[in-house]
$ cat input30.pdb   # PDB, C-alpha atoms
MODEL        1
ATOM      1  CA  MET W   1      22.718  22.296  22.133
ATOM      2  CA  LYS W   2      20.205  21.517  24.902
ATOM      3  CA  GLU W   3      18.598  24.946  24.445
ATOM      4  CA  SER W   4      18.170  24.352  20.696
ATOM      5  CA  VAL W   5      16.615  20.931  21.350
ATOM      6  CA  ALA W   6      14.255  22.420  23.945
ATOM      7  CA  SER W   7      13.339  25.231  21.569
ATOM      8  CA  ARG W   8      12.641  22.693  18.826
ATOM      9  CA  ASP W   9      10.372  20.696  21.146
ATOM     10  CA  VAL W  10       8.412  23.834  22.023
ATOM     11  CA  GLU W  11       7.845  24.437  18.310
ATOM     12  CA  LEU W  12       6.770  20.810  17.830
ATOM     13  CA  LEU W  13       4.342  21.082  20.757
ATOM     14  CA  ASP W  14       2.709  24.089  19.143
ATOM     15  CA  GLU W  15       2.630  22.273  15.806
ATOM     16  CA  LEU W  16       0.966  19.239  17.410
ATOM     17  CA  LYS W  17      -1.647  21.434  19.080
ATOM     18  CA  GLN W  18      -2.466  23.086  15.735
ATOM     19  CA  ALA W  19      -2.419  19.718  13.951
ATOM     20  CA  ARG W  20      -4.930  18.340  16.452
ATOM     21  CA  ALA W  21      -7.312  21.217  15.713
ATOM     22  CA  SER W  22      -6.867  20.686  11.964
ATOM     23  CA  ILE W  23      -7.411  16.917  12.190
ATOM     24  CA  VAL W  24     -10.587  17.388  14.225
ATOM     25  CA  ALA W  25     -11.804  19.974  11.681
ATOM     26  CA  GLU W  26     -11.244  17.503   8.827
ATOM     27  CA  LEU W  27     -13.000  14.714  10.727
ATOM     28  CA  ARG W  28     -15.975  16.995  11.357
ATOM     29  CA  LYS W  29     -16.538  17.093   7.580
ATOM     30  CA  VAL W  30     -17.453  13.399   7.779
ATOM     31  CA  ILE W  31     -18.068  12.414  11.409
ATOM     32  CA  VAL W  32     -20.873  13.870  13.532
ATOM     33  CA  GLY W  33     -20.325  13.794  17.307
ATOM     34  CA  HIS W  34     -17.981  11.243  18.929
ATOM     35  CA  GLU W  35     -15.810  14.015  20.432
ATOM     36  CA  GLU W  36     -14.503  11.802  23.234
ATOM     37  CA  VAL W  37     -13.856   8.900  20.845
ATOM     38  CA  VAL W  38     -11.862  11.159  18.503
ATOM     39  CA  GLU W  39      -9.855  12.534  21.440
ATOM     40  CA  GLN W  40      -8.996   9.037  22.652
ATOM     41  CA  LEU W  41      -8.048   7.822  19.170
ATOM     42  CA  LEU W  42      -5.673  10.739  18.631
ATOM     43  CA  THR W  43      -4.207  10.313  22.115
ATOM     44  CA  ALA W  44      -3.486   6.632  21.451
ATOM     45  CA  LEU W  45      -2.096   7.350  17.979
ATOM     46  CA  PHE W  46       0.463   9.902  19.149
ATOM     47  CA  ALA W  47       1.304   7.737  22.173
ATOM     48  CA  ASN W  48       2.002   4.927  19.662
ATOM     49  CA  GLY W  49      -0.685   2.658  21.101
ATOM     50  CA  HIS W  50      -3.538   0.521  19.762
ATOM     51  CA  CYS W  51      -7.285   0.817  20.388
ATOM     52  CA  LEU W  52     -10.160  -1.586  20.924
ATOM     53  CA  LEU W  53     -13.424   0.054  19.824
ATOM     54  CA  VAL W  54     -16.583  -1.424  21.298
ATOM     55  CA  GLY W  55     -20.016  -0.395  20.040
ATOM     56  CA  VAL W  56     -23.068  -1.660  18.221
ATOM     57  CA  PRO W  57     -23.048  -1.820  14.397
ATOM     58  CA  GLY W  58     -23.767   1.316  12.399
ATOM     59  CA  LEU W  59     -22.002   3.883  14.596
ATOM     60  CA  ALA W  60     -19.464   4.890  11.896
ATOM     61  CA  LYS W  61     -16.480   3.136  13.505
ATOM     62  CA  THR W  62     -15.036   2.067  10.145
ATOM     63  CA  LEU W  63     -15.731   5.468   8.606
ATOM     64  CA  LEU W  64     -14.017   7.217  11.521
ATOM     65  CA  VAL W  65     -10.882   5.087  11.244
ATOM     66  CA  SER W  66     -10.616   5.424   7.462
ATOM     67  CA  THR W  67     -11.137   9.194   7.698
ATOM     68  CA  VAL W  68      -8.346   9.493  10.291
ATOM     69  CA  ALA W  69      -6.086   7.586   7.882
ATOM     70  CA  ARG W  70      -6.979   9.982   5.055
ATOM     71  CA  ALA W  71      -6.344  13.086   7.158
ATOM     72  CA  LEU W  72      -2.950  11.709   8.222
ATOM     73  CA  ASP W  73      -2.032  10.407   4.740
ATOM     74  CA  LEU W  74      -1.581   6.864   6.043
ATOM     75  CA  GLU W  75      -2.137   3.564   4.254
ATOM     76  CA  PHE W  76      -5.393   2.035   5.492
ATOM     77  CA  SER W  77      -6.304  -1.653   5.506
ATOM     78  CA  ARG W  78      -9.438  -3.407   6.748
ATOM     79  CA  ILE W  79      -9.753  -7.080   7.693
ATOM     80  CA  GLN W  80     -13.180  -8.577   8.289
ATOM     81  CA  PHE W  81     -12.601 -11.243  10.942
ATOM     82  CA  THR W  82     -14.653 -14.404  10.366
ATOM     83  CA  PRO W  83     -14.578 -17.919  11.902
ATOM     84  CA  ASP W  84     -12.751 -19.357   8.853
ATOM     85  CA  LEU W  85     -10.054 -16.643   8.711
ATOM     86  CA  MET W  86      -6.522 -18.082   8.859
ATOM     87  CA  PRO W  87      -3.349 -16.399  10.239
ATOM     88  CA  SER W  88      -1.862 -16.307   6.723
ATOM     89  CA  ASP W  89      -4.901 -14.302   5.565
ATOM     90  CA  ILE W  90      -3.621 -11.549   7.869
ATOM     91  CA  THR W  91       0.153 -11.782   7.707
ATOM     92  CA  GLY W  92       0.593 -13.041   4.155
ATOM     93  CA  THR W  93       1.693 -16.288   2.563
ATOM     94  CA  GLU W  94       4.462 -17.790   0.449
ATOM     95  CA  ILE W  95       3.792 -18.922  -3.106
ATOM     96  CA  LEU W  96       5.951 -21.014  -5.412
ATOM     97  CA  GLU W  97       7.057 -18.845  -8.309
ATOM     98  CA  GLU W  98       8.885 -19.911 -11.473
ATOM     99  CA  ASP W  99      11.417 -17.661 -13.226
ATOM    100  CA  SER W 100      10.415 -17.633 -16.911
ATOM    101  CA  SER W 101      13.994 -17.031 -18.104
ATOM    102  CA  THR W 102      15.789 -19.722 -16.053
ATOM    103  CA  GLY W 103      12.965 -22.082 -15.202
ATOM    104  CA  ARG W 104      14.013 -22.039 -11.564
ATOM    105  CA  ARG W 105      11.382 -22.170  -8.898
ATOM    106  CA  SER W 106      11.532 -20.232  -5.636
ATOM    107  CA  PHE W 107       9.216 -19.157  -2.860
ATOM    108  CA  LYS W 108       7.996 -15.576  -2.841
ATOM    109  CA  PHE W 109       6.325 -13.927   0.135
ATOM    110  CA  ILE W 110       3.071 -12.147  -0.686
ATOM    111  CA  ARG W 111       2.325  -9.552   1.952
ATOM    112  CA  GLY W 112      -1.013  -9.657   3.714
ATOM    113  CA  PRO W 113      -3.282  -6.752   4.700
ATOM    114  CA  ILE W 114      -1.416  -6.307   8.000
ATOM    115  CA  PHE W 115       1.252  -4.419   6.036
ATOM    116  CA  ALA W 116      -0.413  -1.019   6.376
ATOM    117  CA  ASN W 117      -0.123   1.987   8.683
ATOM    118  CA  VAL W 118      -3.688   1.856  10.024
ATOM    119  CA  LEU W 119      -5.203  -1.602  10.347
ATOM    120  CA  LEU W 120      -8.889  -2.011  11.143
ATOM    121  CA  ALA W 121      -9.543  -5.468  12.609
ATOM    122  CA  ASP W 122     -13.318  -5.594  12.219
ATOM    123  CA  GLU W 123     -15.182  -7.851  14.684
ATOM    124  CA  ILE W 124     -11.928  -9.329  15.972
ATOM    125  CA  ASN W 125     -13.726 -11.692  18.346
ATOM    126  CA  ARG W 126     -15.426 -13.490  15.435
ATOM    127  CA  THR W 127     -12.259 -15.471  14.685
ATOM    128  CA  PRO W 128     -10.586 -18.224  16.766
ATOM    129  CA  PRO W 129      -7.697 -17.396  19.151
ATOM    130  CA  LYS W 130      -5.159 -18.943  16.753
ATOM    131  CA  THR W 131      -5.951 -16.281  14.177
ATOM    132  CA  GLN W 132      -6.309 -13.505  16.761
ATOM    133  CA  ALA W 133      -2.767 -14.323  17.889
ATOM    134  CA  ALA W 134      -1.446 -13.441  14.415
ATOM    135  CA  LEU W 135      -1.683  -9.804  15.511
ATOM    136  CA  LEU W 136       0.299 -10.190  18.742
ATOM    137  CA  GLN W 137       3.836  -9.932  17.342
ATOM    138  CA  ALA W 138       2.879  -7.107  14.995
ATOM    139  CA  MET W 139       1.263  -5.050  17.777
ATOM    140  CA  GLN W 140       4.181  -5.479  20.161
ATOM    141  CA  GLU W 141       7.271  -5.669  17.918
ATOM    142  CA  TYR W 142       6.043  -4.120  14.624
ATOM    143  CA  ARG W 143       7.261  -7.203  12.792
ATOM    144  CA  VAL W 144       5.697 -10.260  11.156
ATOM    145  CA  THR W 145       7.254 -13.722  10.979
ATOM    146  CA  ALA W 146       6.127 -15.937   8.106
ATOM    147  CA  GLY W 147       7.842 -18.893   6.474
ATOM    148  CA  GLY W 148      10.737 -18.645   8.915
ATOM    149  CA  GLU W 149      11.525 -15.061   7.893
ATOM    150  CA  THR W 150      10.812 -11.842   9.766
ATOM    151  CA  HIS W 151       9.435  -8.830   7.903
ATOM    152  CA  SER W 152       9.333  -5.322   9.368
ATOM    153  CA  LEU W 153       6.143  -3.289   9.221
ATOM    154  CA  SER W 154       6.044   0.246   7.904
ATOM    155  CA  LEU W 155       5.785   2.792  10.713
ATOM    156  CA  PRO W 156       3.650   4.254  12.131
ATOM    157  CA  PHE W 157       1.563   1.128  12.761
ATOM    158  CA  PHE W 158      -1.782   1.521  14.478
ATOM    159  CA  VAL W 159      -4.297  -1.309  15.111
ATOM    160  CA  LEU W 160      -7.944  -0.513  15.754
ATOM    161  CA  ALA W 161     -10.068  -3.551  16.512
ATOM    162  CA  THR W 162     -13.853  -3.497  16.795
ATOM    163  CA  GLN W 163     -16.139  -5.683  18.890
ATOM    164  CA  ASN W 164     -19.895  -5.870  19.057
ATOM    165  CA  PRO W 165     -20.989  -5.845  22.718
ATOM    166  CA  ILE W 166     -24.415  -7.386  22.154
ATOM    167  CA  GLU W 167     -23.669 -10.384  19.946
ATOM    168  CA  PHE W 168     -22.186 -13.334  21.792
ATOM    169  CA  GLU W 169     -23.264 -16.136  19.477
ATOM    170  CA  GLY W 170     -20.296 -17.492  17.529
ATOM    171  CA  THR W 171     -17.702 -15.260  19.189
ATOM    172  CA  TYR W 172     -14.338 -16.031  20.788
ATOM    173  CA  PRO W 173     -13.449 -13.752  23.722
ATOM    174  CA  LEU W 174     -10.064 -12.105  23.393
ATOM    175  CA  PRO W 175      -7.441 -13.645  25.718
ATOM    176  CA  GLU W 176      -6.113 -11.355  28.461
ATOM    177  CA  ALA W 177      -2.686 -11.270  26.759
ATOM    178  CA  GLN W 178      -4.320  -9.968  23.578
ATOM    179  CA  LEU W 179      -6.468  -7.430  25.430
ATOM    180  CA  ASP W 180      -3.422  -6.113  27.260
ATOM    181  CA  ARG W 181      -1.820  -5.149  23.936
ATOM    182  CA  PHE W 182      -4.525  -2.538  23.408
ATOM    183  CA  MET W 183      -3.691   0.768  25.046
ATOM    184  CA  PHE W 184      -7.307   1.979  25.128
ATOM    185  CA  HIS W 185     -10.733   0.370  25.323
ATOM    186  CA  VAL W 186     -12.837   2.991  23.522
ATOM    187  CA  SER W 187     -16.585   2.858  23.986
ATOM    188  CA  VAL W 188     -18.565   4.102  20.968
ATOM    189  CA  SER W 189     -22.075   5.057  22.045
ATOM    190  CA  TYR W 190     -25.274   6.082  20.247
ATOM    191  CA  PRO W 191     -25.484   9.674  18.950
ATOM    192  CA  SER W 192     -27.755  12.225  20.565
ATOM    193  CA  ASP W 193     -31.089  13.136  18.978
ATOM    194  CA  GLU W 194     -29.668  16.274  17.322
ATOM    195  CA  GLU W 195     -26.568  14.441  16.109
ATOM    196  CA  GLU W 196     -28.618  11.610  14.640
ATOM    197  CA  GLN W 197     -30.775  14.082  12.711
ATOM    198  CA  ARG W 198     -27.613  15.669  11.257
ATOM    199  CA  ILE W 199     -26.223  12.229  10.375
ATOM    200  CA  VAL W 200     -29.394  11.200   8.542
ATOM    201  CA  ALA W 201     -29.689  14.551   6.720
ATOM    202  CA  THR W 202     -26.035  14.473   5.596
ATOM    203  CA  THR W 203     -25.766  10.821   4.585
ATOM    204  CA  THR W 204     -28.972  10.883   2.524
ATOM    205  CA  SER W 205     -27.922  13.947   0.521
ATOM    206  CA  ALA W 206     -25.457  14.459  -2.342
ATOM    207  CA  TYR W 207     -22.835  15.904   0.025
ATOM    208  CA  GLU W 208     -19.298  14.563  -0.492
ATOM    209  CA  ALA W 209     -16.601  15.537   1.987
ATOM    210  CA  ASP W 210     -13.175  16.605   0.747
ATOM    211  CA  VAL W 211     -10.829  15.503   3.521
ATOM    212  CA  GLN W 212      -7.491  17.301   3.323
ATOM    213  CA  ARG W 213      -4.121  15.893   4.378
ATOM    214  CA  VAL W 214      -2.928  17.380   7.676
ATOM    215  CA  LEU W 215       0.202  15.386   8.535
ATOM    216  CA  GLY W 216       2.428  12.850   6.815
ATOM    217  CA  ARG W 217       4.127   9.693   8.071
ATOM    218  CA  ASP W 218       7.504  11.253   8.860
ATOM    219  CA  ARG W 219       5.898  14.080  10.823
ATOM    220  CA  ILE W 220       3.729  11.674  12.812
ATOM    221  CA  LEU W 221       6.802   9.624  13.765
ATOM    222  CA  GLU W 222       8.581  12.790  14.882
ATOM    223  CA  LEU W 223       5.601  13.861  16.996
ATOM    224  CA  GLN W 224       5.368  10.373  18.537
ATOM    225  CA  LYS W 225       9.016  10.719  19.582
ATOM    226  CA  LEU W 226       8.196  14.149  21.010
ATOM    227  CA  VAL W 227       5.547  12.586  23.276
ATOM    228  CA  ARG W 228       8.188  10.174  24.599
ATOM    229  CA  ARG W 229      10.558  13.076  25.354
ATOM    230  CA  ILE W 230       8.007  15.064  27.349
ATOM    231  CA  PRO W 231       9.085  15.180  31.016
ATOM    232  CA  VAL W 232       6.694  13.941  33.674
ATOM    233  CA  SER W 233       6.724  14.811  37.376
ATOM    234  CA  GLU W 234       7.390  12.132  39.983
ATOM    235  CA  HIS W 235       4.030  12.736  41.647
ATOM    236  CA  VAL W 236       2.215  12.087  38.337
ATOM    237  CA  VAL W 237       4.069   8.781  37.866
ATOM    238  CA  ARG W 238       3.392   7.902  41.506
ATOM    239  CA  TYR W 239      -0.344   8.614  41.075
ATOM    240  CA  ALA W 240      -0.526   6.391  37.945
ATOM    241  CA  VAL W 241       1.263   3.560  39.740
ATOM    242  CA  HIS W 242      -0.915   3.898  42.860
ATOM    243  CA  LEU W 243      -4.106   3.707  40.770
ATOM    244  CA  THR W 244      -2.838   0.590  39.011
ATOM    245  CA  ARG W 245      -1.668  -1.167  42.167
ATOM    246  CA  ALA W 246      -4.905  -0.290  43.990
ATOM    247  CA  SER W 247      -6.854  -2.310  41.401
ATOM    248  CA  ARG W 248      -5.204  -5.609  42.435
ATOM    249  CA  PRO W 249      -6.701  -7.894  45.090
ATOM    250  CA  GLY W 250      -4.334  -8.474  47.993
ATOM    251  CA  PRO W 251      -3.910  -8.213  51.755
ATOM    252  CA  ASP W 252      -3.643  -4.422  51.686
ATOM    253  CA  CYS W 253      -6.291  -3.652  49.054
ATOM    254  CA  ALA W 254      -9.557  -1.816  49.631
ATOM    255  CA  ALA W 255     -12.555  -3.901  50.655
ATOM    256  CA  PHE W 256     -14.428  -3.300  47.382
ATOM    257  CA  VAL W 257     -11.415  -4.563  45.379
ATOM    258  CA  ARG W 258     -11.271  -7.733  47.477
ATOM    259  CA  ASP W 259     -15.013  -8.230  47.043
ATOM    260  CA  TRP W 260     -15.366  -7.424  43.347
ATOM    261  CA  VAL W 261     -12.073  -7.946  41.485
ATOM    262  CA  SER W 262     -10.783 -11.241  40.127
ATOM    263  CA  TRP W 263      -7.678  -9.794  38.429
ATOM    264  CA  GLY W 264      -6.345  -6.246  38.560
ATOM    265  CA  ALA W 265      -4.289  -4.249  36.093
ATOM    266  CA  GLY W 266      -0.636  -5.123  35.409
ATOM    267  CA  PRO W 267       2.398  -2.820  35.067
ATOM    268  CA  ARG W 268       1.613  -2.083  31.412
ATOM    269  CA  ALA W 269      -1.487  -0.205  32.623
ATOM    270  CA  ALA W 270       0.656   2.268  34.608
ATOM    271  CA  GLN W 271       2.895   2.737  31.569
ATOM    272  CA  TYR W 272      -0.117   3.502  29.373
ATOM    273  CA  LEU W 273      -1.576   5.864  31.991
ATOM    274  CA  VAL W 274       1.611   7.937  31.882
ATOM    275  CA  LEU W 275       1.995   7.728  28.094
ATOM    276  CA  GLY W 276      -1.667   8.621  27.584
ATOM    277  CA  ALA W 277      -1.346  11.573  29.959
ATOM    278  CA  LYS W 278       1.758  12.784  28.122
ATOM    279  CA  ALA W 279       0.083  12.483  24.716
ATOM    280  CA  ARG W 280      -3.058  14.242  25.942
ATOM    281  CA  ALA W 281      -1.000  17.111  27.367
ATOM    282  CA  ALA W 282       1.020  17.397  24.146
ATOM    283  CA  LEU W 283      -2.123  17.446  21.971
ATOM    284  CA  HIS W 284      -3.276  20.482  23.965
ATOM    285  CA  GLY W 285       0.121  22.179  23.727
ATOM    286  CA  ARG W 286       1.164  21.640  27.362
ATOM    287  CA  PRO W 287       4.818  20.749  28.082
ATOM    288  CA  THR W 288       4.129  18.273  30.888
ATOM    289  CA  PRO W 289       1.123  16.201  32.015
ATOM    290  CA  SER W 290      -0.787  16.641  35.260
ATOM    291  CA  GLU W 291      -2.721  14.205  37.428
ATOM    292  CA  ASP W 292      -5.873  15.469  35.683
ATOM    293  CA  ASP W 293      -4.461  14.059  32.434
ATOM    294  CA  VAL W 294      -4.014  10.692  34.162
ATOM    295  CA  ARG W 295      -7.621  10.820  35.397
ATOM    296  CA  ALA W 296      -8.774  11.655  31.853
ATOM    297  CA  VAL W 297      -7.306   8.440  30.412
ATOM    298  CA  VAL W 298      -7.812   6.096  33.366
ATOM    299  CA  ARG W 299     -11.150   4.675  32.148
ATOM    300  CA  PRO W 300     -10.059   3.640  28.620
ATOM    301  CA  VAL W 301      -6.751   2.283  30.005
ATOM    302  CA  LEU W 302      -8.136   0.247  32.926
ATOM    303  CA  ARG W 303     -11.568  -0.748  31.620
ATOM    304  CA  HIS W 304     -10.369  -3.952  29.905
ATOM    305  CA  ARG W 305      -7.617  -4.690  32.424
ATOM    306  CA  ILE W 306      -9.764  -5.004  35.551
ATOM    307  CA  ILE W 307     -11.639  -8.318  35.547
ATOM    308  CA  PRO W 308     -14.732  -8.313  37.829
ATOM    309  CA  ASN W 309     -15.388 -11.550  39.696
ATOM    310  CA  PHE W 310     -18.629 -13.519  39.962
ATOM    311  CA  THR W 311     -19.800 -11.525  42.987
ATOM    312  CA  ALA W 312     -19.430  -8.241  41.087
ATOM    313  CA  GLU W 313     -21.303  -9.617  38.085
ATOM    314  CA  ALA W 314     -24.088 -10.886  40.372
ATOM    315  CA  ASP W 315     -24.322  -7.429  41.947
ATOM    316  CA  GLY W 316     -24.357  -5.713  38.529
ATOM    317  CA  ILE W 317     -20.934  -4.129  39.115
ATOM    318  CA  SER W 318     -18.866  -3.429  35.986
ATOM    319  CA  SER W 319     -15.191  -2.565  35.606
ATOM    320  CA  LEU W 320     -16.239   1.082  35.116
ATOM    321  CA  ASP W 321     -17.938   1.051  38.531
ATOM    322  CA  ILE W 322     -14.740  -0.310  40.066
ATOM    323  CA  ILE W 323     -12.657   2.373  38.319
ATOM    324  CA  ALA W 324     -14.990   5.069  39.682
ATOM    325  CA  LYS W 325     -14.441   3.702  43.209
ATOM    326  CA  LEU W 326     -10.668   3.657  42.632
ATOM    327  CA  LEU W 327     -10.719   7.318  41.588
ATOM    328  CA  GLU W 328     -12.666   8.136  44.759
ATOM    329  CA  THR W 329     -10.330   6.239  47.090
ATOM    330  CA  VAL W 330      -6.889   6.965  45.573
ATOM    331  CA  PRO W 331      -6.118  10.647  46.151
ATOM    332  CA  GLY W 332      -3.724  12.728  44.081
ATOM    333  CA  SER W 333      -0.788  14.634  45.530
ATOM    334  CA  ASP W 334      -3.080  17.620  46.174
ATOM    335  CA  GLY W 335      -5.782  15.436  47.734
ATOM    336  CA  ALA W 336      -7.970  15.674  44.615
ATOM    337  CA  ARG W 337     -10.068  12.680  43.654
ATOM    338  CA  GLY W 338     -11.598  11.780  40.340
TER     339      GLY W 338
ENDMDL
END
$ encode --input "input30.pdb" --output "structure tokens"
Amino acid sequence: MKESVASRDVELLDELKQARASIVAELRKVIVGHEEVVEQLLTALFANGHCLLVGVPGLAKTLLVSTVARALDLEFSRIQFTPDLMPSDITGTEILEEDSSTGRRSFKFIRGPIFANVLLADEINRTPPKTQAALLQAMQEYRVTAGGETHSLSLPFFVLATQNPIEFEGTYPLPEAQLDRFMFHVSVSYPSDEEEQRIVATTTSAYEADVQRVLGRDRILELQKLVRRIPVSEHVVRYAVHLTRASRPGPDCAAFVRDWVSWGAGPRAAQYLVLGAKARAALHGRPTPSEDDVRAVVRPVLRHRIIPNFTAEADGISSLDIIAKLLETVPGSDGARG
């Protein structure tokens, strides 16, 4: 029985590797560049995590997310977060409905846009914390409570929230508890000169992309379970935990952490480092992750979990600079450093 299960997992690994290549090929019909962003989105998706995408307007974030949903045959929903948005605008609301045959009145729950497989929370920091918090239960438990009743979400459920890094007027910073629910902080940067020329030439022509379905819901759920089953070596887990613990100020921390860090990463960061490494290995057809896989996901996992203090901000030190120092000072089992 164990041999048949192992054999099945090997087949699924190969299928996931091929599916990754097919998904990327379909995305390339619409999206120019953003290779690292696509890799991180797929890693988070198959690790069953959520992503926070940060970039200036006009970088095709919405188009990328909707195209991923099309290639994976998933229901896509977009919510534009505004200051007057209410929690019920996200989760849904109850209405009083009258039965025409009996004349009886009863409450009926009308589902909100959160009931989708891929939810794009556009400009999430434009709405007050009360409304931001409407996503917390859904992101953690895949359920929504409204009117005293709990409703289950259809799986897979994947939240991608966008923020604009340059507009601070009229914004509400995400609380740490909300930020911690996002597996990855994905930075979406400007395209290169060649990529921007291709974007302009394509989007101003009559070209229409025909995005084909690569995977369905049931297959995605099965591949997400495969990622969970992938074995991971003790030294890889130890490396992920050491990186996480090294980010926290304390009596035994490195001098730069004591000088620059207000709050370090919590245990969920180590969990996401291992899950991200497992998903990344699986997407490339490898049966177990290495410390290199951990190093590949450490920046998107830790970037929003390490809070620089006033001294760091005064010195122009960002969380990415602190992560780079952590990779230099925390060696792997073979002595390698990031």
$ residues_around --input "input30.pdb" --residues "region 274-276 of chain W" --least-positions-apart "3" --cutoff "7 Å" --atoms "only C-alpha atoms" --output "MDAnalysis selection string"
chainID W and resid 43:44 47 237 240 270:271 279:280 294 297
$ resolve_selection --input "input30.pdb" --expression "the PyMOL selection byres ((chain W and resi 330) around 12)" --output "number ranges by chain"
W: 238-247, 253-254, 291, 295, 323-329, 331-338
$ resolve_selection --input "input30.pdb" --expression "the PyMOL selection byres ((chain W and resi 150) around 12)" --output "list in words"
Thr91, Gly92, Phe109, Arg111, Gln137, Ala138, Glu141, Tyr142, Arg143, Val144, Thr145, Ala146, Gly147, Gly148, Glu149, His151, Ser152 and Leu153 of chain W
$ resolve_selection --input "input30.pdb" --expression "the PyMOL selection byres ((chain W and resi 65-80) around 8)" --output "JSON list (two decimals) with C-alpha atoms, in the frame of the given file"
[["chain", "number", "residue", "atom", "x", "y", "z"],
["W", 23, "ILE", "CA", -7.41, 16.92, 12.19],
["W", 26, "GLU", "CA", -11.24, 17.50, 8.83],
["W", 27, "LEU", "CA", -13.00, 14.71, 10.73],
["W", 30, "VAL", "CA", -17.45, 13.40, 7.78],
["W", 61, "LYS", "CA", -16.48, 3.14, 13.50],
["W", 62, "THR", "CA", -15.04, 2.07, 10.14],
["W", 63, "LEU", "CA", -15.73, 5.47, 8.61],
["W", 64, "LEU", "CA", -14.02, 7.22, 11.52],
["W", 81, "PHE", "CA", -12.60, -11.24, 10.94],
["W", 82, "THR", "CA", -14.65, -14.40, 10.37],
["W", 90, "ILE", "CA", -3.62, -11.55, 7.87],
["W", 113, "PRO", "CA", -3.28, -6.75, 4.70],
["W", 114, "ILE", "CA", -1.42, -6.31, 8.00],
["W", 116, "ALA", "CA", -0.41, -1.02, 6.38],
["W", 117, "ASN", "CA", -0.12, 1.99, 8.68],
["W", 118, "VAL", "CA", -3.69, 1.86, 10.02],
["W", 119, "LEU", "CA", -5.20, -1.60, 10.35],
["W", 120, "LEU", "CA", -8.89, -2.01, 11.14],
["W", 121, "ALA", "CA", -9.54, -5.47, 12.61],
["W", 122, "ASP", "CA", -13.32, -5.59, 12.22],
["W", 123, "GLU", "CA", -15.18, -7.85, 14.68],
["W", 124, "ILE", "CA", -11.93, -9.33, 15.97],
["W", 160, "LEU", "CA", -7.94, -0.51, 15.75],
["W", 211, "VAL", "CA", -10.83, 15.50, 3.52],
["W", 212, "GLN", "CA", -7.49, 17.30, 3.32],
["W", 213, "ARG", "CA", -4.12, 15.89, 4.38],
["W", 214, "VAL", "CA", -2.93, 17.38, 7.68],
["W", 215, "LEU", "CA", 0.20, 15.39, 8.54],
["W", 216, "GLY", "CA", 2.43, 12.85, 6.82],
["W", 217, "ARG", "CA", 4.13, 9.69, 8.07]]
$ closest_residue --input "input30.pdb" --among "W:Arg229, W:His284, W:Arg258, W:Arg303" --to "Gln18 (chain W)" --atoms "all atoms listed in the file"
W:His284
$ closest_residue --input "input30.pdb" --among "W:Lys17, W:His235, W:Arg286, W:His304" --to "Arg181 (chain W)" --atoms "only C-alpha atoms"
W:His304
$ closest_residue --input "input30.pdb" --among "W:Ser101, W:Ser233, W:Thr127, W:Ser187" --to "Val56 (chain W)" --atoms "only C-alpha atoms"
W:Ser187
$ atom_distance --input "input30.pdb" --atom1 "CA of Phe182 (chain W)" --atom2 "CA of Asp315 (chain W)"
27.6 Å
$ residues_around --input "input30.pdb" --residues "Glu195 (chain W)" --least-positions-apart "3" --cutoff "10 Å" --atoms "all atoms listed in the file" --output "MDAnalysis selection string"
chainID W and resid 31:34 190:192 198:201
$ residues_around --input "input30.pdb" --residues "Ser318 (chain W)" --least-positions-apart "3" --cutoff "10 Å" --atoms "all atoms listed in the file" --output "PDB file with C-alpha atoms, in the coordinates of the input"
ATOM      1  CA  TRP W 260     -15.366  -7.424  43.347  1.00  0.00           C
ATOM      2  CA  VAL W 261     -12.073  -7.946  41.485  1.00  0.00           C
ATOM      3  CA  ARG W 303     -11.568  -0.748  31.620  1.00  0.00           C
ATOM      4  CA  ILE W 306      -9.764  -5.004  35.551  1.00  0.00           C
ATOM      5  CA  ILE W 307     -11.639  -8.318  35.547  1.00  0.00           C
ATOM      6  CA  PRO W 308     -14.732  -8.313  37.829  1.00  0.00           C
ATOM      7  CA  ASN W 309     -15.388 -11.550  39.696  1.00  0.00           C
ATOM      8  CA  ALA W 312     -19.430  -8.241  41.087  1.00  0.00           C
ATOM      9  CA  GLU W 313     -21.303  -9.617  38.085  1.00  0.00           C
ATOM     10  CA  ASP W 315     -24.322  -7.429  41.947  1.00  0.00           C
ATOM     11  CA  ASP W 321     -17.938   1.051  38.531  1.00  0.00           C
ATOM     12  CA  ILE W 322     -14.740  -0.310  40.066  1.00  0.00           C
ATOM     13  CA  ILE W 323     -12.657   2.373  38.319  1.00  0.00           C
TER      14      ILE W 323
END
$ closest_residue --input "input30.pdb" --among "W:Ala6, W:Ala133, W:Leu16, W:Val188" --to "Ala60 (chain W)" --atoms "all atoms listed in the file"
W:Val188
$ residues_near_point --input "input30.pdb" --point "(-12.2, 4.5, 26.1)" --cutoff "10 Å" --atoms "only C-alpha atoms" --output "ChimeraX atom specification"
/W:36-37,39-41,51-54,183-188,296-304
$ residues_around --input "input30.pdb" --residues "Pro83 (chain W)" --least-positions-apart "3" --cutoff "12 Å" --atoms "all atoms listed in the file" --output "JSON, numbers by chain"
{"W": [80, 86, 87, 123, 124, 125, 126, 127, 128, 129, 130, 131, 132, 169, 170, 171, 172]}
$ closest_residue --input "input30.pdb" --among "W:Leu85, W:Leu155, W:Arg28, W:Ser262" --to "Phe115 (chain W)" --atoms "all atoms listed in the file"
W:Leu155
$ closest_residue --input "input30.pdb" --among "W:Leu136, W:Ala161, W:Ala209, W:Leu226" --to "Glu11 (chain W)" --atoms "only C-alpha atoms"
W:Leu226
